[in-house]
Amino acid sequence: MIEPAKFSTALEQWYDQYGRKLPWRETTDPYQIWVSEIMLQQTQVPRVKKDFYPKFLAKFPTIESLAEAKWQDVYPVWRGLGFYSRGKNMLRAAQKIVSDFDGGFPHEQKELESLPGIGIYTARAIRAFAWNEKVAAVDTNIQKIIEVLYPQEDIEIKAQQLVDASTSGCVWNNAMMDLA
């Protein structure tokens, strides 16, 4: 059994050398990170990186610009990505952020989960990537890694132990995603 500190140190060193360079990893803006997380659900990274993420942010550069839009404005830049409920939920969530949080992206897990289309995983991912919080955003791929390395252990508990042993919640989660 690999000690969490040794695993996390090796993981971060590996990521430093081999991690993918992606535009949403170049920002700590929770809005831009959220856009990427929603787009990446059930969609290949190269498609989002090349075809959708830059066009969406060019059209809606801020949470306020998205909140002011109507679905008819969003649809043309979302078309082809599929799963249109994701785009509609983003629009509703942006409107809620502007109305209920004065345009400031909420930080707390429960507040994030109160937004349409944001569940446990996405809320944790936003917290890790935007604010470098040591929270484990466990998807099915990361779950598989932990199951192989730590059989018989509770996935969520072990993931949190591993991220707690890391130097950065942002780096640990990005590294696990690339490893997966």
# chains A, B, ... in the order shown; residues from 1 in each chain; ligands from 1
$ select_by_dssp --residues "segment 9-175 of chain A" --states "helix (DSSP H, G or I)" --output "PyMOL selection string"
chain A and resi 9-18+23-26+30-40+45-59+63-67+71-78+84-100+109-113+120-131+140-149+155-164+169-175
$ residues_around --residues "segment 98-107 of chain A" --least-positions-apart "5" --cutoff "7 Å" --atoms "only C-alpha atoms" --output "number ranges by chain"
A: 30, 63-64, 67, 112, 127
$ residues_around --residues "Arg79 of chain A" --least-positions-apart "4" --cutoff "12 Å" --atoms "only C-alpha atoms" --output "JSON, numbers by chain"
{"A": [39, 51, 52, 55, 56, 71, 72, 73, 74, 75, 83, 84, 85, 86, 87, 88]}
$ write_last_selection --atoms "N, CA and C atoms" --output "PDB file, in the first residue's frame"
ATOM      1  N   MET A  39     -18.860  21.980 -19.912  1.00  0.00           N
ATOM      2  CA  MET A  39     -18.642  21.550 -21.300  1.00  0.00           C
ATOM      3  C   MET A  39     -17.965  20.184 -21.376  1.00  0.00           C
ATOM      4  N   ASP A  51     -13.138  23.809 -30.215  1.00  0.00           N
ATOM      5  CA  ASP A  51     -14.370  24.240 -30.870  1.00  0.00           C
ATOM      6  C   ASP A  51     -15.360  25.015 -30.001  1.00  0.00           C
ATOM      7  N   PHE A  52     -15.358  24.786 -28.699  1.00  0.00           N
ATOM      8  CA  PHE A  52     -16.451  25.349 -27.908  1.00  0.00           C
ATOM      9  C   PHE A  52     -16.015  26.346 -26.836  1.00  0.00           C
ATOM     10  N   LYS A  55     -14.956  29.927 -28.123  1.00  0.00           N
ATOM     11  CA  LYS A  55     -16.086  30.634 -28.749  1.00  0.00           C
ATOM     12  C   LYS A  55     -17.100  31.075 -27.694  1.00  0.00           C
ATOM     13  N   PHE A  56     -17.350  30.204 -26.728  1.00  0.00           N
ATOM     14  CA  PHE A  56     -18.312  30.534 -25.680  1.00  0.00           C
ATOM     15  C   PHE A  56     -17.823  31.737 -24.876  1.00  0.00           C
ATOM     16  N   TRP A  71     -31.759  31.942 -24.064  1.00  0.00           N
ATOM     17  CA  TRP A  71     -31.312  30.693 -24.650  1.00  0.00           C
ATOM     18  C   TRP A  71     -31.043  30.847 -26.155  1.00  0.00           C
ATOM     19  N   GLN A  72     -31.823  31.686 -26.819  1.00  0.00           N
ATOM     20  CA  GLN A  72     -31.629  31.907 -28.252  1.00  0.00           C
ATOM     21  C   GLN A  72     -30.247  32.503 -28.548  1.00  0.00           C
ATOM     22  N   ASP A  73     -29.665  33.201 -27.567  1.00  0.00           N
ATOM     23  CA  ASP A  73     -28.314  33.757 -27.716  1.00  0.00           C
ATOM     24  C   ASP A  73     -27.245  32.698 -27.446  1.00  0.00           C
ATOM     25  N   VAL A  74     -27.542  31.819 -26.494  1.00  0.00           N
ATOM     26  CA  VAL A  74     -26.581  30.798 -26.068  1.00  0.00           C
ATOM     27  C   VAL A  74     -26.543  29.638 -27.061  1.00  0.00           C
ATOM     28  N   TYR A  75     -27.685  29.272 -27.570  1.00  0.00           N
ATOM     29  CA  TYR A  75     -27.795  28.093 -28.437  1.00  0.00           C
ATOM     30  C   TYR A  75     -26.793  28.072 -29.596  1.00  0.00           C
ATOM     31  N   PHE A  83     -26.324  17.590 -25.366  1.00  0.00           N
ATOM     32  CA  PHE A  83     -26.789  17.697 -23.981  1.00  0.00           C
ATOM     33  C   PHE A  83     -27.193  19.138 -23.666  1.00  0.00           C
ATOM     34  N   TYR A  84     -28.188  19.625 -24.370  1.00  0.00           N
ATOM     35  CA  TYR A  84     -28.580  21.030 -24.287  1.00  0.00           C
ATOM     36  C   TYR A  84     -29.062  21.439 -22.905  1.00  0.00           C
ATOM     37  N   SER A  85     -29.480  20.476 -22.118  1.00  0.00           N
ATOM     38  CA  SER A  85     -29.887  20.828 -20.742  1.00  0.00           C
ATOM     39  C   SER A  85     -28.708  21.417 -19.963  1.00  0.00           C
ATOM     40  N   ARG A  86     -27.486  21.004 -20.291  1.00  0.00           N
ATOM     41  CA  ARG A  86     -26.304  21.578 -19.618  1.00  0.00           C
ATOM     42  C   ARG A  86     -26.222  23.074 -19.901  1.00  0.00           C
ATOM     43  N   GLY A  87     -26.389  23.446 -21.160  1.00  0.00           N
ATOM     44  CA  GLY A  87     -26.335  24.860 -21.520  1.00  0.00           C
ATOM     45  C   GLY A  87     -27.464  25.660 -20.906  1.00  0.00           C
ATOM     46  N   LYS A  88     -28.652  25.077 -20.896  1.00  0.00           N
ATOM     47  CA  LYS A  88     -29.797  25.762 -20.286  1.00  0.00           C
ATOM     48  C   LYS A  88     -29.592  25.920 -18.779  1.00  0.00           C
TER      49      LYS A  88
END
$ residues_around --residues "Val148 of chain A" --least-positions-apart "6" --cutoff "12 Å" --atoms "only C-alpha atoms" --output "list in words"
Met1, Ile2, Asn141, Ile142, Ile155, Lys158 and Ala180 of chain A
$ write_last_selection --atoms "N, CA and C atoms" --output "compact mmCIF listing (two decimals), in the first residue's frame"
# COMPACT_ATOMS: atom_id res chain seq x y z
N MET A 1 0.85 -1.19 0.00
CA MET A 1 0.00 0.00 0.00
C MET A 1 0.90 1.25 0.00
N ILE A 2 0.62 2.14 -0.91
CA ILE A 2 1.40 3.36 -1.04
C ILE A 2 0.91 4.39 -0.03
N ASN A 141 -13.36 8.01 -13.40
CA ASN A 141 -11.99 7.67 -13.75
C ASN A 141 -11.06 7.72 -12.55
N ILE A 142 -11.20 8.76 -11.75
CA ILE A 142 -10.37 8.87 -10.55
C ILE A 142 -10.76 7.78 -9.55
N ILE A 155 -13.59 5.11 -1.11
CA ILE A 155 -13.03 5.96 -2.16
C ILE A 155 -12.96 7.42 -1.74
N LYS A 158 -10.35 7.98 1.08
CA LYS A 158 -8.98 7.84 0.59
C LYS A 158 -8.61 9.00 -0.33
N ALA A 180 -5.77 9.64 -15.16
CA ALA A 180 -6.92 8.81 -15.52
C ALA A 180 -7.07 8.74 -17.02
$ closest_residue --among "A:Phe7, A:Trp14, A:Tyr53, A:Trp24" --to "Ala130 of chain A" --atoms "only C-alpha atoms"
A:Trp24
$ residues_around --residues "Glu12 of chain A" --least-positions-apart "4" --cutoff "12 Å" --atoms "only C-alpha atoms" --output "list in words"
Ala5, Lys6, Phe7, Ser8, Asp16, Gln17, Tyr18, Gly19, Leu162, Val163, Ala165, Ser166, Thr167, Ser168, Gly169, Cys170, Val171, Trp172, Asn173, Asn174, Ala175, Met176, Met177, Asp178 and Leu179 of chain A
$ closest_residue --among "A:Ile146, A:Ile157, A:Val77, A:Leu40" --to "Ala58 of chain A" --atoms "only C-alpha atoms"
A:Val77
$ closest_residue --among "A:Tyr150, A:Lys59, A:Phe129, A:Pro46" --to "Glu26 of chain A" --atoms "only C-alpha atoms"
A:Phe129
$ closest_residue --among "A:Asp29, A:Glu133, A:Glu108, A:Glu37" --to "Met90 of chain A" --atoms "only C-alpha atoms"
A:Glu37
$ closest_residue --among "A:Thr122, A:Gln95, A:Thr9, A:Thr62" --to "Ile38 of chain A" --atoms "only C-alpha atoms"
A:Thr122
$ closest_residue --among "A:Ala128, A:Val135, A:Leu81, A:Leu91" --to "Leu115 of chain A" --atoms "only C-alpha atoms"
A:Leu91
$ atom_distance --atom1 "atom CA of Phe60 of chain A" --atom2 "atom CA of Ala137 of chain A"
25.9 Å
